[in-house]
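Asker: Structure: protein_7.cif, mmCIF, C-alpha atoms; chains and numbers go by the auth columns.
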data_model
#
loop_
_atom_site.group_PDB
_atom_site.id
_atom_site.type_symbol
_atom_site.label_atom_id
_atom_site.label_comp_id
_atom_site.label_asym_id
_atom_site.label_seq_id
_atom_site.Cartn_x
_atom_site.Cartn_y
_atom_site.Cartn_z
_atom_site.B_iso_or_equiv
_atom_site.auth_seq_id
_atom_site.auth_asym_id
ATOM 1 C CA MET A 1 206.810 44.660 101.171 0.00 121 A
ATOM 2 C CA ASP A 2 204.638 46.770 103.449 0.00 122 A
ATOM 3 C CA THR A 3 201.639 48.124 101.551 0.00 123 A
ATOM 4 C CA HIS A 4 200.072 49.796 104.568 0.00 124 A
ATOM 5 C CA SER A 5 200.255 53.556 104.379 0.00 125 A
ATOM 6 C CA PRO A 6 200.109 55.381 107.687 0.00 126 A
ATOM 7 C CA GLU A 7 197.583 58.151 108.174 0.00 127 A
ATOM 8 C CA THR A 8 199.074 61.582 107.750 0.00 128 A
ATOM 9 C CA THR A 9 197.862 65.068 108.382 0.00 129 A
ATOM 10 C CA GLU A 10 198.298 65.744 104.680 0.00 130 A
ATOM 11 C CA SER A 11 194.984 63.986 104.020 0.00 131 A
ATOM 12 C CA ALA A 12 193.051 66.447 106.202 0.00 132 A
ATOM 13 C CA PRO A 13 190.372 68.546 104.494 0.00 133 A
ATOM 14 C CA THR A 14 191.860 71.658 102.904 0.00 134 A
ATOM 15 C CA SER A 15 188.802 73.887 102.887 0.00 135 A
ATOM 16 C CA ARG A 16 185.902 74.742 105.120 0.00 136 A
ATOM 17 C CA ARG A 17 183.579 73.046 102.644 0.00 137 A
ATOM 18 C CA ALA A 18 185.553 69.799 102.807 0.00 138 A
ATOM 19 C CA LEU A 19 185.764 69.943 106.599 0.00 139 A
ATOM 20 C CA LEU A 20 182.063 70.574 106.948 0.00 140 A
ATOM 21 C CA ALA A 21 181.195 67.854 104.472 0.00 141 A
ATOM 22 C CA SER A 22 183.282 65.331 106.383 0.00 142 A
ATOM 23 C CA LEU A 23 181.772 66.289 109.747 0.00 143 A
ATOM 24 C CA VAL A 24 178.168 66.534 108.598 0.00 144 A
ATOM 25 C CA ALA A 25 177.932 63.679 106.110 0.00 145 A
ATOM 26 C CA ALA A 26 178.012 60.958 108.724 0.00 146 A
ATOM 27 C CA GLY A 27 175.477 62.861 110.809 0.00 147 A
ATOM 28 C CA ALA A 28 173.007 63.028 107.933 0.00 148 A
ATOM 29 C CA ALA A 29 173.429 59.296 107.392 0.00 149 A
ATOM 30 C CA VAL A 30 172.801 58.716 111.091 0.00 150 A
ATOM 31 C CA ALA A 31 169.563 60.711 110.886 0.00 151 A
ATOM 32 C CA VAL A 32 168.255 58.552 108.052 0.00 152 A
ATOM 33 C CA ALA A 33 169.564 55.280 109.482 0.00 153 A
ATOM 34 C CA GLY A 34 168.192 56.049 112.938 0.00 154 A
ATOM 35 C CA ARG A 35 164.678 56.403 111.563 0.00 155 A
ATOM 36 C CA ALA A 36 164.892 53.213 109.547 0.00 156 A
ATOM 37 C CA SER A 37 166.192 51.091 112.397 0.00 157 A
ATOM 38 C CA ALA A 38 163.492 52.298 114.790 0.00 158 A
ATOM 39 C CA ALA A 39 160.815 51.263 112.309 0.00 159 A
ATOM 40 C CA ASP A 40 162.330 47.804 111.897 0.00 160 A
ATOM 41 C CA GLU A 41 162.116 46.917 115.587 0.00 161 A
ATOM 42 C CA PRO A 42 158.963 45.099 116.704 0.00 162 A
ATOM 43 C CA ALA A 43 156.854 46.979 119.218 0.00 163 A
ATOM 44 C CA PRO A 44 156.769 45.443 122.709 0.00 164 A
ATOM 45 C CA THR A 45 153.414 44.030 123.714 0.00 165 A
ATOM 46 C CA THR A 46 153.387 45.696 127.144 0.00 166 A
ATOM 47 C CA THR A 47 153.256 49.417 127.900 0.00 167 A
ATOM 48 C CA ALA A 48 155.274 50.637 124.935 0.00 168 A
ATOM 49 C CA PRO A 49 154.948 54.314 124.047 0.00 169 A
ATOM 50 C CA PRO A 50 152.503 55.030 121.240 0.00 170 A
ATOM 51 C CA LEU A 51 153.968 55.514 117.788 0.00 171 A
ATOM 52 C CA ARG A 52 152.060 58.786 117.436 0.00 172 A
ATOM 53 C CA SER A 53 150.479 61.044 120.033 0.00 173 A
ATOM 54 C CA ASP A 54 148.231 64.048 119.436 0.00 174 A
ATOM 55 C CA SER A 55 149.712 65.623 122.557 0.00 175 A
ATOM 56 C CA ASP A 56 153.021 66.127 120.685 0.00 176 A
ATOM 57 C CA ALA A 57 151.639 68.741 118.264 0.00 177 A
ATOM 58 C CA ALA A 58 152.437 71.808 120.387 0.00 178 A
ATOM 59 C CA THR A 59 155.977 70.637 121.092 0.00 179 A
ATOM 60 C CA ILE A 60 156.660 69.760 117.448 0.00 180 A
ATOM 61 C CA ASN A 61 155.219 73.119 116.344 0.00 181 A
ATOM 62 C CA SER A 62 157.605 74.906 118.707 0.00 182 A
ATOM 63 C CA LEU A 63 160.486 72.987 117.120 0.00 183 A
ATOM 64 C CA ILE A 64 159.249 73.963 113.662 0.00 184 A
ATOM 65 C CA THR A 65 159.363 77.602 114.751 0.00 185 A
ATOM 66 C CA ARG A 66 162.945 77.216 116.012 0.00 186 A
ATOM 67 C CA GLU A 67 164.066 75.462 112.833 0.00 187 A
ATOM 68 C CA ALA A 68 162.358 78.123 110.691 0.00 188 A
ATOM 69 C CA ALA A 69 164.227 80.793 112.669 0.00 189 A
ATOM 70 C CA MET A 70 167.485 78.951 111.942 0.00 190 A
ATOM 71 C CA VAL A 71 166.616 78.933 108.215 0.00 191 A
ATOM 72 C CA ALA A 72 166.040 82.698 108.300 0.00 192 A
ATOM 73 C CA THR A 73 169.259 83.216 110.268 0.00 193 A
ATOM 74 C CA TYR A 74 171.361 81.328 107.730 0.00 194 A
ATOM 75 C CA ALA A 75 169.619 83.109 104.845 0.00 195 A
ATOM 76 C CA ALA A 76 170.624 86.461 106.359 0.00 196 A
ATOM 77 C CA ALA A 77 174.159 85.327 107.221 0.00 197 A
ATOM 78 C CA LYS A 78 174.836 84.129 103.658 0.00 198 A
ATOM 79 C CA SER A 79 174.870 87.709 102.361 0.00 199 A
ATOM 80 C CA ASN A 80 178.157 88.329 104.192 0.00 200 A
ATOM 81 C CA VAL A 81 180.228 85.460 102.783 0.00 201 A
ATOM 82 C CA SER A 82 181.292 83.890 99.480 0.00 202 A
ATOM 83 C CA GLY A 83 183.102 80.865 98.082 0.00 203 A
ATOM 84 C CA ASP A 84 183.606 77.897 100.408 0.00 204 A
ATOM 85 C CA ASP A 85 182.218 79.909 103.319 0.00 205 A
ATOM 86 C CA LEU A 86 178.975 80.438 101.424 0.00 206 A
ATOM 87 C CA ALA A 87 178.826 76.732 100.550 0.00 207 A
ATOM 88 C CA VAL A 88 179.102 75.853 104.252 0.00 208 A
ATOM 89 C CA LEU A 89 176.225 78.132 105.229 0.00 209 A
ATOM 90 C CA GLU A 90 174.086 76.957 102.296 0.00 210 A
ATOM 91 C CA LEU A 91 174.562 73.312 103.272 0.00 211 A
ATOM 92 C CA ILE A 92 173.591 73.893 106.890 0.00 212 A
ATOM 93 C CA GLU A 93 170.673 76.091 105.827 0.00 213 A
ATOM 94 C CA ALA A 94 169.456 73.263 103.567 0.00 214 A
ATOM 95 C CA HIS A 95 169.504 70.896 106.542 0.00 215 A
ATOM 96 C CA HIS A 96 167.348 73.277 108.569 0.00 216 A
ATOM 97 C CA VAL A 97 164.932 73.627 105.631 0.00 217 A
ATOM 98 C CA ALA A 98 164.694 69.823 105.585 0.00 218 A
ATOM 99 C CA TYR A 99 164.016 69.774 109.352 0.00 219 A
ATOM 100 C CA VAL A 100 161.161 72.275 108.966 0.00 220 A
ATOM 101 C CA GLN A 101 159.715 70.132 106.178 0.00 221 A
ATOM 102 C CA ALA A 102 160.135 66.857 108.095 0.00 222 A
ATOM 103 C CA LEU A 103 158.578 68.209 111.298 0.00 223 A
ATOM 104 C CA ALA A 104 155.723 69.903 109.428 0.00 224 A
ATOM 105 C CA GLY A 105 155.198 66.767 107.359 0.00 225 A
ATOM 106 C CA TYR A 106 155.012 64.716 110.527 0.00 226 A
ATOM 107 C CA LEU A 107 152.211 66.938 111.867 0.00 227 A
ATOM 108 C CA GLY A 108 150.403 67.335 108.566 0.00 228 A
ATOM 109 C CA ARG A 109 147.392 69.611 108.985 0.00 229 A
ATOM 110 C CA LYS A 110 148.284 70.221 112.625 0.00 230 A
ATOM 111 C CA ALA A 111 151.494 71.997 111.605 0.00 231 A
ATOM 112 C CA GLY A 112 151.663 75.688 112.374 0.00 232 A
ATOM 113 C CA ALA A 113 153.697 78.397 110.675 0.00 233 A
ATOM 114 C CA THR A 114 156.807 77.231 108.840 0.00 234 A
ATOM 115 C CA THR A 115 158.481 80.642 108.774 0.00 235 A
ATOM 116 C CA ALA A 116 159.961 82.707 111.574 0.00 236 A
ATOM 117 C CA PRO A 117 162.177 85.764 111.957 0.00 237 A
ATOM 118 C CA ALA A 118 165.941 85.326 112.007 0.00 238 A
ATOM 119 C CA LEU A 119 167.710 84.973 115.327 0.00 239 A
ATOM 120 C CA PRO A 120 170.078 87.812 116.280 0.00 240 A
ATOM 121 C CA VAL A 121 173.552 87.471 114.779 0.00 241 A
ATOM 122 C CA ASN A 122 176.099 90.258 114.369 0.00 242 A
ATOM 123 C CA ALA A 123 177.087 90.704 110.735 0.00 243 A
ATOM 124 C CA GLY A 124 180.604 89.923 109.704 0.00 244 A
ATOM 125 C CA ASN A 125 182.821 87.585 107.753 0.00 245 A
ATOM 126 C CA TYR A 126 182.811 83.818 108.230 0.00 246 A
ATOM 127 C CA ALA A 127 185.296 83.944 111.119 0.00 247 A
ATOM 128 C CA ALA A 128 182.934 86.283 112.988 0.00 248 A
ATOM 129 C CA LEU A 129 179.707 84.528 111.991 0.00 249 A
ATOM 130 C CA ALA A 130 180.665 80.883 112.522 0.00 250 A
ATOM 131 C CA PRO A 131 181.116 81.014 116.330 0.00 251 A
ATOM 132 C CA GLN A 132 177.777 82.814 116.671 0.00 252 A
ATOM 133 C CA LEU A 133 176.062 80.265 114.460 0.00 253 A
ATOM 134 C CA ALA A 134 177.726 77.449 116.421 0.00 254 A
ATOM 135 C CA ARG A 135 176.205 78.823 119.629 0.00 255 A
ATOM 136 C CA LEU A 136 172.790 78.951 117.952 0.00 256 A
ATOM 137 C CA GLU A 137 173.229 75.354 116.752 0.00 257 A
ATOM 138 C CA ALA A 138 174.068 74.296 120.318 0.00 258 A
ATOM 139 C CA ALA A 139 171.028 76.141 121.676 0.00 259 A
ATOM 140 C CA THR A 140 168.821 74.592 119.002 0.00 260 A
ATOM 141 C CA ALA A 141 170.100 71.112 119.820 0.00 261 A
ATOM 142 C CA ARG A 142 169.397 71.786 123.530 0.00 262 A
ATOM 143 C CA THR A 143 165.881 72.951 122.624 0.00 263 A
ATOM 144 C CA HIS A 144 165.293 69.671 120.815 0.00 264 A
ATOM 145 C CA ILE A 145 166.785 67.656 123.686 0.00 265 A
ATOM 146 C CA ASP A 146 164.492 69.440 126.135 0.00 266 A
ATOM 147 C CA ALA A 147 161.533 68.729 123.842 0.00 267 A
ATOM 148 C CA LEU A 148 162.255 65.005 124.074 0.00 268 A
ATOM 149 C CA LYS A 149 161.259 65.178 127.751 0.00 269 A
ATOM 150 C CA SER A 150 157.646 65.910 126.824 0.00 270 A
ATOM 151 C CA ILE A 151 157.240 64.007 123.555 0.00 271 A
ATOM 152 C CA GLN A 152 154.979 60.981 123.960 0.00 272 A
ATOM 153 C CA GLY A 153 155.042 59.396 120.507 0.00 273 A
ATOM 154 C CA LEU A 154 157.920 57.170 119.481 0.00 274 A
ATOM 155 C CA ASP A 155 157.852 58.406 115.866 0.00 275 A
ATOM 156 C CA ALA A 156 158.129 62.061 116.951 0.00 276 A
ATOM 157 C CA ALA A 157 160.913 61.247 119.409 0.00 277 A
ATOM 158 C CA THR A 158 162.829 59.352 116.738 0.00 278 A
ATOM 159 C CA LEU A 159 162.507 62.237 114.279 0.00 279 A
ATOM 160 C CA VAL A 160 163.638 64.834 116.815 0.00 280 A
ATOM 161 C CA ALA A 161 166.540 62.683 117.996 0.00 281 A
ATOM 162 C CA SER A 162 167.761 62.290 114.417 0.00 282 A
ATOM 163 C CA ILE A 163 167.825 66.078 114.034 0.00 283 A
ATOM 164 C CA ILE A 164 169.799 66.551 117.261 0.00 284 A
ATOM 165 C CA THR A 165 172.723 64.465 116.034 0.00 285 A
ATOM 166 C CA VAL A 166 173.182 66.549 112.912 0.00 286 A
ATOM 167 C CA GLU A 167 172.833 69.848 114.756 0.00 287 A
ATOM 168 C CA ALA A 168 175.612 68.783 117.116 0.00 288 A
ATOM 169 C CA ARG A 169 177.760 68.118 114.046 0.00 289 A
ATOM 170 C CA HIS A 170 176.850 71.561 112.666 0.00 290 A
ATOM 171 C CA GLU A 171 178.100 73.115 115.891 0.00 291 A
ATOM 172 C CA ALA A 172 181.372 71.188 115.767 0.00 292 A
ATOM 173 C CA ALA A 173 181.940 71.964 112.086 0.00 293 A
ATOM 174 C CA LEU A 174 181.326 75.674 112.579 0.00 294 A
ATOM 175 C CA VAL A 175 183.624 75.870 115.596 0.00 295 A
ATOM 176 C CA VAL A 176 186.469 73.949 113.998 0.00 296 A
ATOM 177 C CA SER A 177 186.186 75.600 110.574 0.00 297 A
ATOM 178 C CA SER A 178 186.427 79.020 112.165 0.00 298 A
ATOM 179 C CA GLY A 179 189.594 78.153 114.054 0.00 299 A
ATOM 180 C CA GLY A 180 188.078 76.999 117.326 0.00 300 A
ATOM 181 C CA SER A 181 188.905 73.863 119.248 0.00 301 A
ATOM 182 C CA VAL A 182 186.873 70.678 119.243 0.00 302 A
ATOM 183 C CA ASP A 183 187.472 70.607 123.002 0.00 303 A
ATOM 184 C CA SER A 184 185.246 73.676 123.364 0.00 304 A
ATOM 185 C CA VAL A 185 182.433 71.736 121.693 0.00 305 A
ATOM 186 C CA ALA A 186 183.014 68.507 123.580 0.00 306 A
ATOM 187 C CA TYR A 187 183.191 70.185 126.963 0.00 307 A
ATOM 188 C CA GLY A 188 180.710 73.005 126.424 0.00 308 A
ATOM 189 C CA ALA A 189 183.257 75.787 126.766 0.00 309 A
#
With the file now loaded, output its structure as structure tokens.
Answerer:
Amino acid sequence: MDTHSPETTESAPTSRRALLASLVAAGAAVAVAGRASAADEPAPTTTAPPLRSDSDAATINSLITREAAMVATYAAAKSNVSGDDLAVLELIEAHHVAYVQALAGYLGRKAGATTAPALPVNAGNYAALAPQLARLEAATARTHIDALKSIQGLDAATLVASIITVEARHEAALVVSSGGSVDSVAYGA
């Protein structure tokens, strides 16, 4: 008797909340696991990058400002949606709040402002908001990727890299949950 059940499309998520949870959950785990594995590796005895560098403060503060702007953007966008759509925006907003806290915590007393004005988004329902928010997620991920070019400390680079992976998942989840194609995310369309 064959007990193997083939995968079917019937098991696909049935709501935006379920879709987002499935796309983002692994990304959040990657962010935590990535930090833990970097700490477990022994530091090379040659010219390894420093674990922390004071020269990273300005770059990290600029990322805090961007993340704070994303928090404000999601807070404003939430007023236009309800139900599962609201749950999606609340979950992503909570991630950005956590990024502000993690980046500010990394800098400690050197952290600057942890609030910023919302980024421009045209009001509308979820179908209108999600593609705009996806573009902002992509731009935020690119901002973090660009920041990696100037970050000197390994701890700061690891933290920023862990954020990038989840923001890419946010973009994909927003595009797909609003009826877009994953191909547009994968190929930058």
Asker: For Ala231 in chain A, which residue out of A:Ile271, A:Val286, A:Leu183, A:Leu279 is the nearest one, using all atoms listed in the file?
Answerer: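 When distances to Ala231 in chain A are compared using all atoms listed in the file, the smallest one comes from A:Leu183.
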Asker: Any idea what's packed within 10 Å of Ala267 in chain A, counting all atoms listed in the file, ignoring anything in its chain fewer than 5 positions away? Could you give it as a PyMOL selection string?
Answerer: chain A and resi 176+179-180+182-183+261-262+277+280-281
Asker: What does the structure give for the distance between CA of Asp205 in chain A and CA of Ala236 in chain A, in Å to one decimal?
Answerer: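 Calculated distance between CA of Asp205 in chain A and CA of Ala236 in chain A is 23.9 Å.
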Asker: Just to confirm, what's the straight-line distance from CA of Gly273 in chain A to CA of Ala177 in chain A in Å (one decimal)?
Answerer: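 Those two atoms sit 10.2 Å apart.
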Asker: Rank nothing, just name the residue among A:Gly225, A:Gly300, A:Gly232, A:Pro237 nearest to Gln252 in chain A, using all atoms listed in the file.
Answerer: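 Looking only at the distances to Gln252 in chain A, the closest residue turns out to be A:Gly300.
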Asker: I would like the residues chosen by the PyMOL selection byres ((chain A and resi 257) around 9) on the shown file; could you give them as a PDB file with C-alpha atoms, in the coordinates of the input?
Answerer:
ATOM      1  CA  MET A 190     167.485  78.951 111.942  1.00  0.00           C
ATOM      2  CA  GLN A 252     177.777  82.814 116.671  1.00  0.00           C
ATOM      3  CA  LEU A 253     176.062  80.265 114.460  1.00  0.00           C
ATOM      4  CA  ALA A 254     177.726  77.449 116.421  1.00  0.00           C
ATOM      5  CA  ARG A 255     176.205  78.823 119.629  1.00  0.00           C
ATOM      6  CA  LEU A 256     172.790  78.951 117.952  1.00  0.00           C
ATOM      7  CA  ALA A 258     174.068  74.296 120.318  1.00  0.00           C
ATOM      8  CA  ALA A 259     171.028  76.141 121.676  1.00  0.00           C
ATOM      9  CA  THR A 260     168.821  74.592 119.002  1.00  0.00           C
ATOM     10  CA  ALA A 261     170.100  71.112 119.820  1.00  0.00           C
ATOM     11  CA  ARG A 262     169.397  71.786 123.530  1.00  0.00           C
ATOM     12  CA  GLU A 287     172.833  69.848 114.756  1.00  0.00           C
ATOM     13  CA  ALA A 288     175.612  68.783 117.116  1.00  0.00           C
ATOM     14  CA  ARG A 289     177.760  68.118 114.046  1.00  0.00           C
ATOM     15  CA  HIS A 290     176.850  71.561 112.666  1.00  0.00           C
ATOM     16  CA  GLU A 291     178.100  73.115 115.891  1.00  0.00           C
TER      17      GLU A 291
END
Asker: Would you work out the distance separating CA of Ile265 in chain A from CA of Glu187 in chain A, expressed in Å to one decimal?
Answerer: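 Atom-to-atom, CA of Ile265 in chain A and CA of Glu187 in chain A are spaced 13.6 Å apart.
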Asker: What residues come out when you apply the PyMOL selection byres ((chain A and resi 212-221) around 6) to this file, written as a list in words?
Answerer: Ile184, Glu187, Val191, Tyr194, Leu209, Glu210, Leu211, Ala222, Leu223, Ala224 and Gly225 of chain A
Asker: Would you pick out the contacts of Ala196 in chain A at 10 Å or less, using only C-alpha atoms, so that residues sharing its chain but fewer than 4 positions from it are not included, and give the list as a list in words?
Answerer: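 Non-adjacent residues within range: Met190, Val191, Ala192, Asn200, Ala238, Leu239, Val241 and Ala243 of chain A.
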Asker: So, with all atoms listed in the file as the atoms that count, which of A:Thr285, A:His264, A:Tyr226, A:Leu294 lies closest to Asp174 in chain A?
Answerer: A:Tyr226
Asker: Return the padded bounding box of range 191-197 of chain A as lines of an AutoDock Vina configuration file: axis-aligned, built from all atoms listed in the file, 6 Å added on each side, with centre and edge lengths in Å to one decimal.
Answerer:
center_x = 170.1
center_y = 82.7
center_z = 107.6
size_x = 20.1
size_y = 19.5
size_z = 17.4
Asker: Restricting the calculation to all atoms listed in the file, which member of A:Ala292, A:Ala189, A:Leu206, A:Leu171 is positioned closest to Asn245 in chain A?
Answerer: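 Counting all atoms listed in the file, the residue closest to Asn245 in chain A is A:Leu206.
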Asker: Expand the PyMOL selection byres ((chain A and resi 246) around 9) into the explicit residue set it covers here, and present it as a PyMOL selection string.
Answerer: chain A and resi 197+200-202+205-206+244-245+247-251+298
